[in-house]
$ cat structure07.cif   # mmCIF, C-alpha atoms
data_coords
loop_
_atom_site.group_PDB
_atom_site.id
_atom_site.type_symbol
_atom_site.label_atom_id
_atom_site.label_comp_id
_atom_site.auth_asym_id
_atom_site.auth_seq_id
_atom_site.Cartn_x
_atom_site.Cartn_y
_atom_site.Cartn_z
ATOM 1 C CA MET A 6 77.684 -180.107 16.755
ATOM 2 C CA ARG A 7 76.678 -177.617 19.379
ATOM 3 C CA LEU A 8 79.989 -175.756 18.909
ATOM 4 C CA ASN A 9 78.661 -174.154 15.709
ATOM 5 C CA ASP A 10 75.056 -173.806 16.912
ATOM 6 C CA GLU A 11 75.242 -169.991 17.016
ATOM 7 C CA VAL A 12 78.063 -169.432 14.506
ATOM 8 C CA GLU A 13 77.515 -167.604 11.245
ATOM 9 C CA LEU A 14 80.388 -167.155 8.777
ATOM 10 C CA ARG A 15 80.011 -164.374 6.217
ATOM 11 C CA GLY A 16 82.186 -164.544 3.124
ATOM 12 C CA ARG A 17 82.141 -162.484 -0.065
ATOM 13 C CA VAL A 18 79.471 -164.495 -1.902
ATOM 14 C CA VAL A 19 78.180 -167.033 0.625
ATOM 15 C CA VAL A 20 77.117 -167.167 4.249
ATOM 16 C CA LEU A 21 77.448 -170.339 6.325
ATOM 17 C CA VAL A 22 74.794 -170.832 9.003
ATOM 18 C CA PRO A 23 74.052 -173.757 11.329
ATOM 19 C CA TYR A 24 71.750 -176.441 9.928
ATOM 20 C CA LYS A 25 68.419 -175.721 11.629
ATOM 21 C CA VAL A 26 64.981 -177.348 11.544
ATOM 22 C CA THR A 27 63.758 -174.628 9.154
ATOM 23 C CA HIS A 28 66.286 -175.814 6.535
ATOM 24 C CA VAL A 29 65.111 -179.442 6.530
ATOM 25 C CA PRO A 30 62.269 -179.214 3.946
ATOM 26 C CA ARG A 31 64.511 -177.637 1.272
ATOM 27 C CA TYR A 32 67.382 -180.007 2.094
ATOM 28 C CA HIS A 33 65.007 -182.974 1.897
ATOM 29 C CA GLN A 34 63.734 -181.729 -1.470
ATOM 30 C CA TRP A 35 67.309 -181.632 -2.807
ATOM 31 C CA MET A 36 68.052 -185.134 -1.568
ATOM 32 C CA GLN A 37 65.174 -186.612 -3.573
ATOM 33 C CA SER A 38 67.341 -186.212 -6.686
ATOM 34 C CA GLU A 39 68.750 -189.588 -7.747
ATOM 35 C CA GLU A 40 71.751 -187.835 -9.306
ATOM 36 C CA LEU A 41 72.529 -185.977 -6.071
ATOM 37 C CA GLN A 42 72.088 -189.183 -4.070
ATOM 38 C CA LYS A 43 74.587 -190.920 -6.346
ATOM 39 C CA LEU A 44 77.114 -188.070 -6.250
ATOM 40 C CA THR A 45 76.953 -187.833 -2.456
ATOM 41 C CA ALA A 46 76.678 -191.586 -1.814
ATOM 42 C CA SER A 47 73.405 -190.965 0.045
ATOM 43 C CA GLU A 48 70.301 -193.044 0.506
ATOM 44 C CA PRO A 49 66.836 -191.509 0.110
ATOM 45 C CA LEU A 50 65.248 -190.605 3.453
ATOM 46 C CA THR A 51 61.709 -189.781 4.450
ATOM 47 C CA LEU A 52 61.069 -186.255 5.686
ATOM 48 C CA GLU A 53 60.839 -187.558 9.262
ATOM 49 C CA GLN A 54 64.201 -189.337 8.866
ATOM 50 C CA GLU A 55 65.667 -186.071 7.539
ATOM 51 C CA TYR A 56 64.449 -184.255 10.674
ATOM 52 C CA GLN A 57 66.049 -186.998 12.812
ATOM 53 C CA MET A 58 69.277 -186.602 10.841
ATOM 54 C CA GLN A 59 69.258 -182.822 11.410
ATOM 55 C CA ARG A 60 68.865 -183.400 15.157
ATOM 56 C CA SER A 61 71.716 -185.902 15.067
ATOM 57 C CA TRP A 62 73.987 -183.465 13.207
ATOM 58 C CA ARG A 63 73.185 -180.800 15.766
ATOM 59 C CA GLU A 64 73.713 -183.017 18.826
ATOM 60 C CA ASP A 65 76.590 -185.305 17.787
ATOM 61 C CA ALA A 66 80.027 -184.139 18.915
ATOM 62 C CA ASP A 67 81.670 -185.675 15.835
ATOM 63 C CA LYS A 68 79.758 -183.685 13.150
ATOM 64 C CA CYS A 69 79.851 -180.017 12.199
ATOM 65 C CA THR A 70 77.339 -178.949 9.555
ATOM 66 C CA PHE A 71 76.620 -175.598 7.943
ATOM 67 C CA ILE A 72 74.047 -174.605 5.350
ATOM 68 C CA VAL A 73 75.482 -172.469 2.533
ATOM 69 C CA LEU A 74 73.391 -169.410 1.638
ATOM 70 C CA ASP A 75 73.614 -167.120 -1.386
ATOM 71 C CA LYS A 76 74.834 -163.952 0.343
ATOM 72 C CA LEU A 77 73.382 -161.463 -2.170
ATOM 73 C CA ARG A 78 69.885 -162.868 -1.756
ATOM 74 C CA TRP A 79 70.317 -163.305 1.989
ATOM 75 C CA VAL A 80 71.456 -159.748 2.788
ATOM 76 C CA SER A 81 68.711 -158.247 0.623
ATOM 77 C CA GLY A 82 66.155 -159.277 3.232
ATOM 78 C CA SER A 83 63.678 -160.039 0.427
ATOM 79 C CA TYR A 84 64.022 -163.820 0.692
ATOM 80 C CA THR A 85 63.579 -166.387 3.412
ATOM 81 C CA GLU A 86 66.692 -168.193 4.525
ATOM 82 C CA GLU A 87 65.310 -171.356 2.943
ATOM 83 C CA ASP A 88 65.055 -169.518 -0.422
ATOM 84 C CA CYS A 89 68.736 -168.523 -0.108
ATOM 85 C CA MET A 90 70.010 -172.089 0.429
ATOM 86 C CA VAL A 91 72.532 -173.287 -2.169
ATOM 87 C CA GLY A 92 74.272 -176.196 -0.445
ATOM 88 C CA ASP A 93 75.885 -177.485 2.711
ATOM 89 C CA VAL A 94 79.298 -178.026 4.242
ATOM 90 C CA ASN A 95 80.036 -180.921 6.558
ATOM 91 C CA LEU A 96 82.953 -181.903 8.752
ATOM 92 C CA PHE A 97 83.020 -185.375 10.286
ATOM 93 C CA LEU A 98 85.514 -186.185 13.042
ATOM 94 C CA THR A 99 86.127 -189.751 11.908
ATOM 95 C CA ASP A 100 89.090 -190.844 14.002
ATOM 96 C CA PRO A 101 88.427 -191.101 17.780
ATOM 97 C CA GLU A 102 92.179 -191.432 18.286
ATOM 98 C CA ASP A 103 92.948 -188.210 16.377
ATOM 99 C CA SER A 104 90.622 -185.248 16.948
ATOM 100 C CA THR A 105 92.721 -183.127 14.580
ATOM 101 C CA MET A 106 91.493 -185.014 11.493
ATOM 102 C CA ALA A 107 88.115 -184.435 9.848
ATOM 103 C CA GLU A 108 86.394 -185.700 6.731
ATOM 104 C CA ILE A 109 85.108 -182.742 4.730
ATOM 105 C CA GLU A 110 82.558 -182.509 1.942
ATOM 106 C CA ILE A 111 83.495 -179.047 0.653
ATOM 107 C CA MET A 112 86.449 -176.777 1.165
ATOM 108 C CA ILE A 113 86.232 -174.602 4.267
ATOM 109 C CA ALA A 114 88.932 -173.462 6.645
ATOM 110 C CA GLY A 115 87.661 -175.188 9.822
ATOM 111 C CA MET A 116 91.036 -175.503 11.434
ATOM 112 C CA THR A 117 90.948 -172.245 13.429
ATOM 113 C CA LYS A 118 88.147 -173.203 15.859
ATOM 114 C CA LEU A 119 88.254 -176.994 15.720
ATOM 115 C CA GLY A 120 92.009 -177.549 15.512
ATOM 116 C CA ILE A 121 91.677 -179.625 12.329
ATOM 117 C CA LYS A 122 95.054 -180.476 10.788
ATOM 118 C CA THR A 123 93.972 -182.942 8.101
ATOM 119 C CA PHE A 124 90.911 -182.701 5.876
ATOM 120 C CA GLN A 125 89.781 -185.935 4.237
ATOM 121 C CA ALA A 126 87.369 -186.109 1.286
ATOM 122 C CA LYS A 127 85.816 -189.384 0.106
ATOM 123 C CA ILE A 128 84.412 -189.047 -3.402
ATOM 124 C CA ASN A 129 82.692 -191.490 -5.739
ATOM 125 C CA LEU A 130 85.089 -192.368 -8.583
ATOM 126 C CA GLU A 131 82.462 -191.367 -11.152
ATOM 127 C CA ASN A 132 82.260 -187.874 -9.641
ATOM 128 C CA THR A 133 85.248 -186.559 -11.581
ATOM 129 C CA ILE A 134 84.095 -182.942 -11.215
ATOM 130 C CA SER A 135 84.328 -183.100 -7.407
ATOM 131 C CA ILE A 136 87.646 -184.956 -7.536
ATOM 132 C CA ALA A 137 89.065 -182.240 -9.804
ATOM 133 C CA MET A 138 87.671 -179.494 -7.551
ATOM 134 C CA PHE A 139 89.334 -180.966 -4.464
ATOM 135 C CA GLN A 140 92.587 -181.446 -6.360
ATOM 136 C CA ASN A 141 92.415 -177.754 -7.306
ATOM 137 C CA PHE A 142 92.212 -177.099 -3.559
ATOM 138 C CA HIS A 143 95.524 -179.012 -3.241
ATOM 139 C CA PHE A 144 94.004 -182.231 -1.877
ATOM 140 C CA LYS A 145 96.144 -185.266 -2.718
ATOM 141 C CA GLU A 146 94.757 -188.713 -3.486
ATOM 142 C CA VAL A 147 95.852 -191.130 -0.755
ATOM 143 C CA SER A 148 93.831 -194.204 -1.676
ATOM 144 C CA VAL A 149 91.228 -195.678 -4.012
ATOM 145 C CA SER A 150 88.689 -198.269 -2.898
ATOM 146 C CA ASP A 151 87.519 -200.572 -5.656
ATOM 147 C CA VAL A 152 84.954 -202.056 -3.264
ATOM 148 C CA PHE A 153 83.294 -198.716 -2.451
ATOM 149 C CA GLN A 154 84.210 -197.131 -5.798
ATOM 150 C CA GLU A 155 85.609 -194.030 -4.091
ATOM 151 C CA ALA A 156 88.805 -192.042 -3.906
ATOM 152 C CA THR A 157 90.119 -190.684 -0.617
ATOM 153 C CA LEU A 158 91.924 -187.347 -0.810
ATOM 154 C CA TRP A 159 93.711 -185.532 2.003
ATOM 155 C CA LEU A 160 94.774 -181.972 2.647
ATOM 156 C CA THR A 161 97.205 -181.763 5.530
ATOM 157 C CA ILE A 162 97.484 -178.321 7.120
ATOM 158 C CA ASP A 163 101.088 -177.460 7.889
ATOM 159 C CA SER A 164 102.121 -174.019 9.182
ATOM 160 C CA CYS A 165 102.519 -172.594 5.647
ATOM 161 C CA LYS A 166 99.080 -173.803 4.494
ATOM 162 C CA ARG A 167 97.539 -172.596 7.741
ATOM 163 C CA LYS A 168 98.933 -169.074 7.198
ATOM 164 C CA TRP A 169 97.789 -169.124 3.566
ATOM 165 C CA LEU A 170 94.261 -170.280 4.499
ATOM 166 C CA ILE A 171 93.936 -167.672 7.232
ATOM 167 C CA LYS A 172 95.054 -164.989 4.749
ATOM 168 C CA GLN A 173 92.481 -166.237 2.205
ATOM 169 C CA MET A 174 89.746 -166.124 4.847
ATOM 170 C CA LYS A 175 90.544 -162.650 6.236
ATOM 171 C CA HIS A 176 87.353 -161.261 4.669
ATOM 172 C CA VAL A 177 85.149 -163.817 6.477
ATOM 173 C CA GLU A 178 83.240 -162.389 9.428
ATOM 174 C CA GLU A 179 82.208 -164.646 12.275
ATOM 175 C CA LYS A 180 79.054 -163.507 14.021
ATOM 176 C CA ARG A 181 76.520 -164.943 16.389
ATOM 177 C CA TYR A 182 73.903 -166.625 14.170
ATOM 178 C CA SER A 183 70.922 -165.056 15.946
ATOM 179 C CA GLN A 184 72.433 -161.616 15.290
ATOM 180 C CA ARG A 185 70.741 -161.401 11.856
ATOM 181 C CA LEU A 186 67.328 -161.549 13.511
ATOM 182 C CA GLU A 187 68.389 -158.866 15.990
ATOM 183 C CA GLU A 188 69.668 -156.668 13.099
ATOM 184 C CA ALA A 189 66.372 -157.124 11.210
ATOM 185 C CA ILE A 190 64.348 -156.159 14.290
ATOM 186 C CA GLY A 191 66.599 -153.108 14.769
ATOM 187 C CA ASN A 192 66.060 -152.084 11.134
ATOM 188 C CA ILE A 193 62.276 -152.391 11.563
ATOM 189 C CA HIS A 194 62.393 -150.166 14.655
ATOM 190 C CA GLN A 195 64.528 -147.585 12.809
ATOM 191 C CA SER A 196 62.168 -147.473 9.819
ATOM 192 C CA THR A 197 59.134 -146.918 12.066
ATOM 193 C CA ASP A 198 60.747 -144.049 13.994
#
$ encode --input "structure07.cif" --output "structure tokens"
Amino acid sequence: MRLNDEVELRGRVVVLVPYKVTHVPRYHQWMQSEELQKLTASEPLTLEQEYQMQRSWREDADKCTFIVLDKLRWVSGSYTEEDCMVGDVNLFLTDPEDSTMAEIEIMIAGMTKLGIKTFQAKINLENTISIAMFQNFHFKEVSVSDVFQEATLWLTIDSCKRKWLIKQMKHVEEKRYSQRLEEAIGNIHQSTD
């Protein structure tokens, strides 16, 4: 989604950055794991298919993807962004009739910019750890599909939950993604003066 193309969210322990071409090799490496494929209900892709998928996630208006970085490593400046990668966060606008509902793969307060009012998580029934994690985030099971062997959980954002989420996220800084490069260049100029 182009809406998050230059958005960087800095939390206490992680930083969310847009999924860029430079992230694809590490992401592709992760997705070669059969266990991860099973837990995420994903099919193995070639590296070229992964690059096509990254382009799709960037261009499609119904997807919003961030790469999750380890903030301590990232701010140190000693590691490449690829070396700081620890995961990803995805929102999928799945209902053309209702743009306020999004399927989510990990908890993130995306309702402030996108107007999301309902988060939906679809999780393989065998992935009890993820189901428990989402339930800890107050997601409620709304259905179970025996055919697809997955549970669907929802978190509906009412005014009380919205206020609570905004309060929980008050430490998150939103910056322009390219700003880190500008800061690094500024630091180089300062150290050479």
$ resolve_selection --input "structure07.cif" --expression "the PyMOL selection byres ((chain A and resi 10-25) around 8)" --output "PyMOL selection string"
chain A and resi 6-9+26-29+59+63+70-77+174+176-183
$ write_last_selection --input "structure07.cif" --atoms "C-alpha atoms" --output "compact mmCIF listing (two decimals), in the coordinates of the input"
# COMPACT_ATOMS: atom_id res chain seq x y z
CA MET A 6 77.68 -180.11 16.76
CA ARG A 7 76.68 -177.62 19.38
CA LEU A 8 79.99 -175.76 18.91
CA ASN A 9 78.66 -174.15 15.71
CA VAL A 26 64.98 -177.35 11.54
CA THR A 27 63.76 -174.63 9.15
CA HIS A 28 66.29 -175.81 6.54
CA VAL A 29 65.11 -179.44 6.53
CA GLN A 59 69.26 -182.82 11.41
CA ARG A 63 73.18 -180.80 15.77
CA THR A 70 77.34 -178.95 9.56
CA PHE A 71 76.62 -175.60 7.94
CA ILE A 72 74.05 -174.60 5.35
CA VAL A 73 75.48 -172.47 2.53
CA LEU A 74 73.39 -169.41 1.64
CA ASP A 75 73.61 -167.12 -1.39
CA LYS A 76 74.83 -163.95 0.34
CA LEU A 77 73.38 -161.46 -2.17
CA MET A 174 89.75 -166.12 4.85
CA HIS A 176 87.35 -161.26 4.67
CA VAL A 177 85.15 -163.82 6.48
CA GLU A 178 83.24 -162.39 9.43
CA GLU A 179 82.21 -164.65 12.28
CA LYS A 180 79.05 -163.51 14.02
CA ARG A 181 76.52 -164.94 16.39
CA TYR A 182 73.90 -166.62 14.17
CA SER A 183 70.92 -165.06 15.95
$ atom_distance --input "structure07.cif" --atom1 "atom CA of Pro30 of chain A" --atom2 "atom CA of Leu96 of chain A"
21.4 Å
$ resolve_selection --input "structure07.cif" --expression "the PyMOL selection byres ((chain A and resi 35-52) around 9)" --output "list in words"
Val29, Pro30, Arg31, Tyr32, His33, Gln34, Glu53, Gln54, Glu55, Tyr56, Gln57, Glu110, Ile128, Asn129, Glu131, Asn132 and Ser135 of chain A
$ write_last_selection --input "structure07.cif" --atoms "C-alpha atoms" --output "mmCIF file, in the frame of the given file"
data_model
loop_
_atom_site.group_PDB
_atom_site.id
_atom_site.type_symbol
_atom_site.label_atom_id
_atom_site.label_comp_id
_atom_site.auth_asym_id
_atom_site.auth_seq_id
_atom_site.Cartn_x
_atom_site.Cartn_y
_atom_site.Cartn_z
ATOM 1 C CA VAL A 29 65.111 -179.442 6.530
ATOM 2 C CA PRO A 30 62.269 -179.214 3.946
ATOM 3 C CA ARG A 31 64.511 -177.637 1.272
ATOM 4 C CA TYR A 32 67.382 -180.007 2.094
ATOM 5 C CA HIS A 33 65.007 -182.974 1.897
ATOM 6 C CA GLN A 34 63.734 -181.729 -1.470
ATOM 7 C CA GLU A 53 60.839 -187.558 9.262
ATOM 8 C CA GLN A 54 64.201 -189.337 8.866
ATOM 9 C CA GLU A 55 65.667 -186.071 7.539
ATOM 10 C CA TYR A 56 64.449 -184.255 10.674
ATOM 11 C CA GLN A 57 66.049 -186.998 12.812
ATOM 12 C CA GLU A 110 82.558 -182.509 1.942
ATOM 13 C CA ILE A 128 84.412 -189.047 -3.402
ATOM 14 C CA ASN A 129 82.692 -191.490 -5.739
ATOM 15 C CA GLU A 131 82.462 -191.367 -11.152
ATOM 16 C CA ASN A 132 82.260 -187.874 -9.641
ATOM 17 C CA SER A 135 84.328 -183.100 -7.407
#
$ resolve_selection --input "structure07.cif" --expression "the PyMOL selection byres ((chain A and resi 103-105) around 6)" --output "number ranges by chain"
A: 100-102, 106, 120-122
$ write_last_selection --input "structure07.cif" --atoms "C-alpha atoms" --output "JSON list (two decimals), keeping the file's coordinate frame"
[["chain", "number", "residue", "atom", "x", "y", "z"],
["A", 100, "ASP", "CA", 89.09, -190.84, 14.00],
["A", 101, "PRO", "CA", 88.43, -191.10, 17.78],
["A", 102, "GLU", "CA", 92.18, -191.43, 18.29],
["A", 106, "MET", "CA", 91.49, -185.01, 11.49],
["A", 120, "GLY", "CA", 92.01, -177.55, 15.51],
["A", 121, "ILE", "CA", 91.68, -179.62, 12.33],
["A", 122, "LYS", "CA", 95.05, -180.48, 10.79]]
$ closest_residue --input "structure07.cif" --among "A:Arg78, A:Gln154, A:Ile171, A:Trp62" --to "Val91 of chain A" --atoms "all atoms listed in the file"
A:Arg78
$ atom_distance --input "structure07.cif" --atom1 "atom CA of Ser61 of chain A" --atom2 "atom CA of Arg167 of chain A"
30.0 Å
$ atom_distance --input "structure07.cif" --atom1 "atom CA of Phe124 of chain A" --atom2 "atom CA of Ala107 of chain A"
5.2 Å
$ residues_around --input "structure07.cif" --residues "Ala156 of chain A" --least-positions-apart "2" --cutoff "12 Å" --atoms "all atoms listed in the file" --output "ChimeraX atom specification"
/A:125-133,135-137,139-140,144-154,158-159
